[in-house]
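Next comes model20.tsv, a file with TSV, C-alpha atoms.
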chain	number	residue	atom	x	y	z
A	242	MET	CA	10.17	21.75	-14.22
A	243	GLU	CA	9.22	18.08	-14.58
A	244	VAL	CA	5.57	19.01	-14.04
A	245	VAL	CA	5.58	21.55	-16.86
A	246	VAL	CA	7.60	19.38	-19.29
A	247	THR	CA	5.60	16.18	-18.90
A	248	ILE	CA	2.20	17.84	-18.83
A	249	ALA	CA	3.09	19.87	-21.93
A	250	LEU	CA	4.33	16.72	-23.72
A	251	GLY	CA	1.20	14.88	-22.55
A	252	ILE	CA	-1.11	17.56	-23.89
A	253	GLN	CA	0.77	17.64	-27.18
A	254	ALA	CA	0.56	13.84	-27.60
A	255	ARG	CA	-2.87	13.53	-25.89
A	256	SER	CA	-1.25	11.05	-23.50
A	257	LEU	CA	-3.09	10.63	-20.21
A	258	ALA	CA	-0.14	8.70	-18.83
A	259	LEU	CA	2.27	11.58	-19.49
A	260	ILE	CA	-0.14	14.04	-17.89
A	261	ALA	CA	-0.54	11.69	-14.92
A	262	PHE	CA	3.24	11.48	-14.65
A	263	GLY	CA	3.41	15.26	-14.41
A	264	SER	CA	0.72	15.19	-11.73
A	265	ASP	CA	2.79	12.61	-9.86
A	266	SER	CA	5.54	15.20	-9.57
A	267	VAL	CA	3.23	17.47	-7.59
A	268	ILE	CA	2.57	14.65	-5.11
A	269	GLU	CA	6.27	13.84	-4.88
A	270	ILE	CA	7.04	17.48	-4.07
A	271	PHE	CA	4.47	17.25	-1.27
A	272	ALA	CA	6.10	14.09	0.14
A	273	SER	CA	9.54	15.71	-0.05
A	274	SER	CA	8.21	18.75	1.81
A	275	VAL	CA	6.86	16.51	4.57
A	276	VAL	CA	10.24	14.77	4.90
A	277	ILE	CA	12.23	18.02	4.92
A	278	ARG	CA	9.92	19.50	7.54
A	279	ASN	CA	10.23	16.38	9.68
A	280	LEU	CA	14.03	16.18	9.39
A	281	SER	CA	14.51	19.87	10.17
A	282	ASP	CA	12.24	19.90	13.21
A	283	ARG	CA	14.51	19.44	16.23
A	284	ARG	CA	11.80	19.71	18.89
A	285	ARG	CA	11.30	16.84	21.31
A	286	ASP	CA	8.91	14.28	19.80
A	287	PRO	CA	7.66	11.85	22.47
A	288	GLY	CA	6.83	8.51	20.94
A	289	ASP	CA	7.83	9.70	17.46
A	290	ARG	CA	4.36	11.13	16.92
A	291	ARG	CA	5.66	13.55	14.29
A	292	VAL	CA	7.29	10.67	12.39
A	293	HIS	CA	4.08	8.64	12.47
A	294	ARG	CA	2.05	11.63	11.30
A	295	SER	CA	4.55	12.22	8.48
A	296	LEU	CA	4.34	8.59	7.38
A	297	ARG	CA	0.55	8.85	7.26
A	298	LEU	CA	0.74	11.99	5.14
A	299	ILE	CA	3.06	10.16	2.74
A	300	ALA	CA	0.65	7.19	2.67
A	301	LEU	CA	-2.16	9.59	1.77
A	302	ALA	CA	0.00	11.00	-1.03
A	303	PHE	CA	0.48	7.47	-2.41
A	304	TRP	CA	-3.28	6.87	-2.30
A	305	LEU	CA	-3.99	10.19	-3.98
A	306	LEU	CA	-1.53	9.33	-6.74
A	307	GLY	CA	-3.06	5.87	-7.15
A	308	GLY	CA	-6.57	7.31	-7.33
A	309	LEU	CA	-5.57	9.90	-9.93
A	310	LEU	CA	-3.83	7.29	-12.07
A	311	LEU	CA	-6.72	4.85	-11.78
A	312	LEU	CA	-9.28	7.47	-12.81
A	313	ALA	CA	-7.13	8.65	-15.72
A	314	SER	CA	-6.53	5.11	-16.94
A	315	ILE	CA	-10.19	4.05	-16.71
A	316	ARG	CA	-11.19	7.21	-18.56
A	317	GLY	CA	-8.59	6.53	-21.26
A	318	LEU	CA	-9.73	2.94	-21.75
A	319	VAL	CA	-13.45	3.77	-21.76
A	320	LEU	CA	-13.02	6.63	-24.22
A	321	ALA	CA	-10.49	4.60	-26.27
A	322	SER	CA	-8.15	7.60	-26.12
A	323	ARG	CA	-5.48	7.16	-28.74
A	324	PRO	CA	-2.38	9.11	-27.82
A	325	GLU	CA	-0.04	10.21	-30.57
A	326	SER	CA	3.63	9.30	-30.77
A	327	SER	CA	5.89	11.40	-28.55
A	328	PRO	CA	9.60	10.97	-29.34
A	329	LEU	CA	10.45	13.79	-26.92
A	330	GLY	CA	8.34	12.10	-24.24
A	331	ILE	CA	10.18	8.82	-24.85
A	332	ALA	CA	13.59	10.48	-24.55
A	333	TYR	CA	12.60	12.49	-21.49
A	334	LEU	CA	11.15	9.47	-19.68
A	335	ALA	CA	14.23	7.34	-20.44
A	336	VAL	CA	16.45	9.93	-18.75
A	337	THR	CA	13.96	10.41	-15.93
A	338	ALA	CA	13.73	6.67	-15.19
A	339	VAL	CA	17.48	6.33	-14.81
A	340	ALA	CA	17.66	9.44	-12.63
A	341	MET	CA	14.76	8.38	-10.39
A	342	PHE	CA	16.10	4.88	-9.72
A	343	GLY	CA	19.53	6.32	-8.88
A	344	LEU	CA	18.00	8.96	-6.63
A	345	ALA	CA	15.79	6.39	-4.87
A	346	PHE	CA	18.86	4.24	-4.14
A	347	LEU	CA	20.75	7.23	-2.69
A	348	LYS	CA	17.76	8.35	-0.60
A	349	GLN	CA	17.32	4.84	0.80
A	350	ALA	CA	21.02	4.63	1.73
A	351	THR	CA	20.80	8.04	3.42
A	352	ALA	CA	17.61	6.98	5.23
A	353	ARG	CA	19.39	3.91	6.62
A	354	GLU	CA	22.35	6.06	7.72
A	355	LEU	CA	20.09	8.63	9.41
A	356	LYS	CA	17.62	5.98	10.62
A	357	SER	CA	14.85	8.10	9.11
A	358	GLU	CA	11.56	6.35	8.45
A	359	THR	CA	10.14	9.36	6.64
A	360	LEU	CA	13.12	9.61	4.28
A	361	SER	CA	12.81	5.88	3.62
A	362	ALA	CA	9.13	6.36	2.77
A	363	GLU	CA	10.03	9.26	0.49
A	364	ALA	CA	12.67	7.05	-1.19
A	365	SER	CA	9.86	4.61	-1.95
A	366	MET	CA	7.94	7.48	-3.57
A	367	THR	CA	10.98	8.22	-5.73
A	368	PHE	CA	11.26	4.53	-6.64
A	369	LEU	CA	7.58	4.63	-7.61
A	370	ASP	CA	8.35	7.63	-9.79
A	371	GLY	CA	11.04	5.54	-11.52
A	372	CYS	CA	8.56	2.69	-12.02
A	373	LEU	CA	5.98	5.11	-13.30
A	374	SER	CA	8.39	6.67	-15.81
A	375	THR	CA	9.52	3.20	-16.95
A	376	GLY	CA	5.95	1.97	-17.38
A	377	ILE	CA	4.91	5.05	-19.29
A	378	LEU	CA	8.10	4.86	-21.37
A	379	MET	CA	7.22	1.29	-22.34
A	380	ALA	CA	3.65	2.34	-23.14
A	381	LEU	CA	4.84	5.19	-25.36
A	382	VAL	CA	7.27	2.90	-27.18
A	383	LEU	CA	4.58	0.23	-27.72
A	384	ASN	CA	2.11	2.84	-28.91
A	385	THR	CA	4.66	4.29	-31.34
A	386	ALA	CA	6.03	0.96	-32.60
A	387	LEU	CA	2.88	-1.19	-32.64
A	388	GLY	CA	-0.02	1.24	-32.41
A	389	TRP	CA	-1.13	-0.22	-29.07
A	390	TRP	CA	-3.09	2.83	-27.85
A	391	TRP	CA	-4.38	1.04	-24.75
A	392	THR	CA	-0.88	0.66	-23.27
A	393	ASP	CA	-0.94	4.34	-22.28
A	394	ALA	CA	-3.86	3.85	-19.89
A	395	SER	CA	-2.79	0.33	-18.85
A	396	ALA	CA	0.62	1.54	-17.68
A	397	ALA	CA	-1.03	4.13	-15.47
A	398	MET	CA	-3.37	1.48	-14.04
A	399	VAL	CA	-0.52	-0.86	-13.05
A	400	VAL	CA	1.31	1.93	-11.27
A	401	ALA	CA	-1.95	2.93	-9.53
A	402	GLY	CA	-2.04	-0.54	-7.97
A	403	PHE	CA	1.57	-0.21	-6.85
A	404	ALA	CA	0.82	3.21	-5.35
A	405	ALA	CA	-2.14	1.82	-3.41
A	406	PHE	CA	0.02	-1.01	-2.06
A	407	GLU	CA	2.76	1.43	-1.02
A	408	GLY	CA	0.16	3.61	0.69
A	409	VAL	CA	-1.01	0.64	2.74
A	410	GLN	CA	2.58	-0.26	3.65
A	411	HIS	CA	3.40	3.26	4.84
A	412	TRP	CA	0.14	3.53	6.75
A	413	ARG	CA	1.06	0.33	8.59
A	414	GLU	CA	4.57	1.67	9.25
A	415	SER	CA	3.00	4.78	10.76
A	416	ALA	CA	1.50	2.76	13.62
A	417	PRO	CA	3.41	3.00	16.91
A	418	HIS	CA	6.18	0.38	17.06
A	419	ASP	CA	9.62	-0.45	18.48
A	420	GLY	CA	8.59	-0.24	22.08
A	421	PHE	CA	6.42	2.84	21.61
A	422	THR	CA	4.56	3.59	24.81
A	423	PRO	CA	1.81	6.15	24.42
A	424	ILE	CA	1.78	8.98	26.90
A	425	ALA	CA	-1.26	8.76	29.12
A	426	ASP	CA	-3.80	11.50	28.60
A	427	PRO	CA	-4.12	13.77	31.62
A	428	GLU	CA	-7.50	13.32	33.25

Would you mind writing the structure in this file as structure tokens?
Amino acid sequence: MEVVVTIALGIQARSLALIAFGSDSVIEIFASSVVIRNLSDRRRDPGDRRVHRSLRLIALAFWLLGGLLLLASIRGLVLASRPESSPLGIAYLAVTAVAMFGLAFLKQATARELKSETLSAEASMTFLDGCLSTGILMALVLNTALGWWWTDASAAMVVAGFAAFEGVQHWRESAPHDGFTPIADPE
């Protein structure tokens, strides 16, 4: 639903940041699917290979999100795209930001309880979603109140940097650790 609502509001207001936020939801659904699949798979996993593969998929999702946001923001700045005011977008993002930060906190607590690296990584994705909604909310408010059209694209660019950083962190976490001993290849 978030995808449809934010993209529709973004199209209505010509806001690249709102459209990018909707696109972020698709990536978050992907990351959640990876986590659910990993948590529900009860097969033996020597060396946590499945966990490491899941963390790398989540890292790739962060990088994809960052790339999409960077491209959208550069395009918006170059074309001097001037989004219109979106009171519904502002209200929706305010509610979404609160919900995402609360959900990220709960996911992180559950990840610690379950000792799940993939759920912890997915909690970071949810936290990023909260940051993204907050940044875009601020951009929409500044555009509406002060006419600062460039804040729409700038907010997306800042979150793109955060997404790239998170991708690097999760890629590093995906490396074998905690006494991981690779199984020798049969020769």

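The interatomic distance for the pair atom CA of Thr385 of chain A and atom CA of Leu312 of chain A works out to 23.4 Å.
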
Excluding Leu305 of chain A and its own-chain neighbours fewer than 2 positions away, which residues fall within 10 Å of it when counting all atoms listed in the file? Please give them as a PDB file with C-alpha atoms, in the frame of the given file.
ATOM      1  CA  ASP A 265       2.790  12.610  -9.860  1.00  0.00           C
ATOM      2  CA  ILE A 268       2.570  14.650  -5.110  1.00  0.00           C
ATOM      3  CA  ILE A 299       3.060  10.160   2.740  1.00  0.00           C
ATOM      4  CA  ALA A 300       0.650   7.190   2.670  1.00  0.00           C
ATOM      5  CA  LEU A 301      -2.160   9.590   1.770  1.00  0.00           C
ATOM      6  CA  ALA A 302       0.000  11.000  -1.030  1.00  0.00           C
ATOM      7  CA  PHE A 303       0.480   7.470  -2.410  1.00  0.00           C
ATOM      8  CA  GLY A 307      -3.060   5.870  -7.150  1.00  0.00           C
ATOM      9  CA  GLY A 308      -6.570   7.310  -7.330  1.00  0.00           C
ATOM     10  CA  LEU A 309      -5.570   9.900  -9.930  1.00  0.00           C
ATOM     11  CA  LEU A 310      -3.830   7.290 -12.070  1.00  0.00           C
ATOM     12  CA  LEU A 311      -6.720   4.850 -11.780  1.00  0.00           C
ATOM     13  CA  ALA A 401      -1.950   2.930  -9.530  1.00  0.00           C
ATOM     14  CA  ALA A 404       0.820   3.210  -5.350  1.00  0.00           C
ATOM     15  CA  ALA A 405      -2.140   1.820  -3.410  1.00  0.00           C
ATOM     16  CA  GLY A 408       0.160   3.610   0.690  1.00  0.00           C
TER      17      GLY A 408
END

Just want the 10 Å neighbourhood of segment 365-376 of chain A, counted on all atoms listed in the file, with same-chain residues fewer than 3 positions away dropped. Output as a VMD selection string.
chain A and resid 258 to 259 261 to 262 265 to 266 268 to 269 272 to 273 299 to 300 302 to 303 331 333 to 346 348 to 349 359 to 362 379 to 382 392 to 393 395 to 401 403 to 404 407 to 408 411

In Å, with one decimal, what is the gap from atom CA of Arg291 of chain A to atom CA of Trp412 of chain A?
13.7 Å

Taken to one decimal, the atom CA of Leu250 of chain A-atom CA of Glu363 of chain A distance is 26.0 Å

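Ranking A:Val276, A:Leu306, A:Leu257, A:Ala249 by their shortest atom-to-atom distance to Arg294 of chain A, with all atoms listed in the file included, puts A:Val276 first.
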
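Closest to Asn384 of chain A among A:Ser274, A:Gln410, A:Ser256, A:Thr351 is A:Ser256, based on only C-alpha atoms.
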
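Each of A:Thr247, A:Ser357, A:Trp391, A:Ser327 was compared to Ser281 of chain A using all atoms listed in the file, and A:Ser357 turns out to be the nearest.
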
Around (-6.7, 7.8, -22.1) in the file's frame, which residues reach within 7 Å when counting only C-alpha atoms? Return as a CSV table (one decimal) with C-alpha atoms, in the frame of the given file?
chain,number,residue,atom,x,y,z
A,256,SER,CA,-1.2,11.0,-23.5
A,257,LEU,CA,-3.1,10.6,-20.2
A,313,ALA,CA,-7.1,8.6,-15.7
A,314,SER,CA,-6.5,5.1,-16.9
A,316,ARG,CA,-11.2,7.2,-18.6
A,317,GLY,CA,-8.6,6.5,-21.3
A,318,LEU,CA,-9.7,2.9,-21.8
A,320,LEU,CA,-13.0,6.6,-24.2
A,321,ALA,CA,-10.5,4.6,-26.3
A,322,SER,CA,-8.2,7.6,-26.1
A,323,ARG,CA,-5.5,7.2,-28.7
A,393,ASP,CA,-0.9,4.3,-22.3
A,394,ALA,CA,-3.9,3.8,-19.9

Using only C-alpha atoms, the best pick from A:Ala350, A:Ile277, A:Val267, A:Ala386 as closest to Pro328 of chain A would be A:Ala386
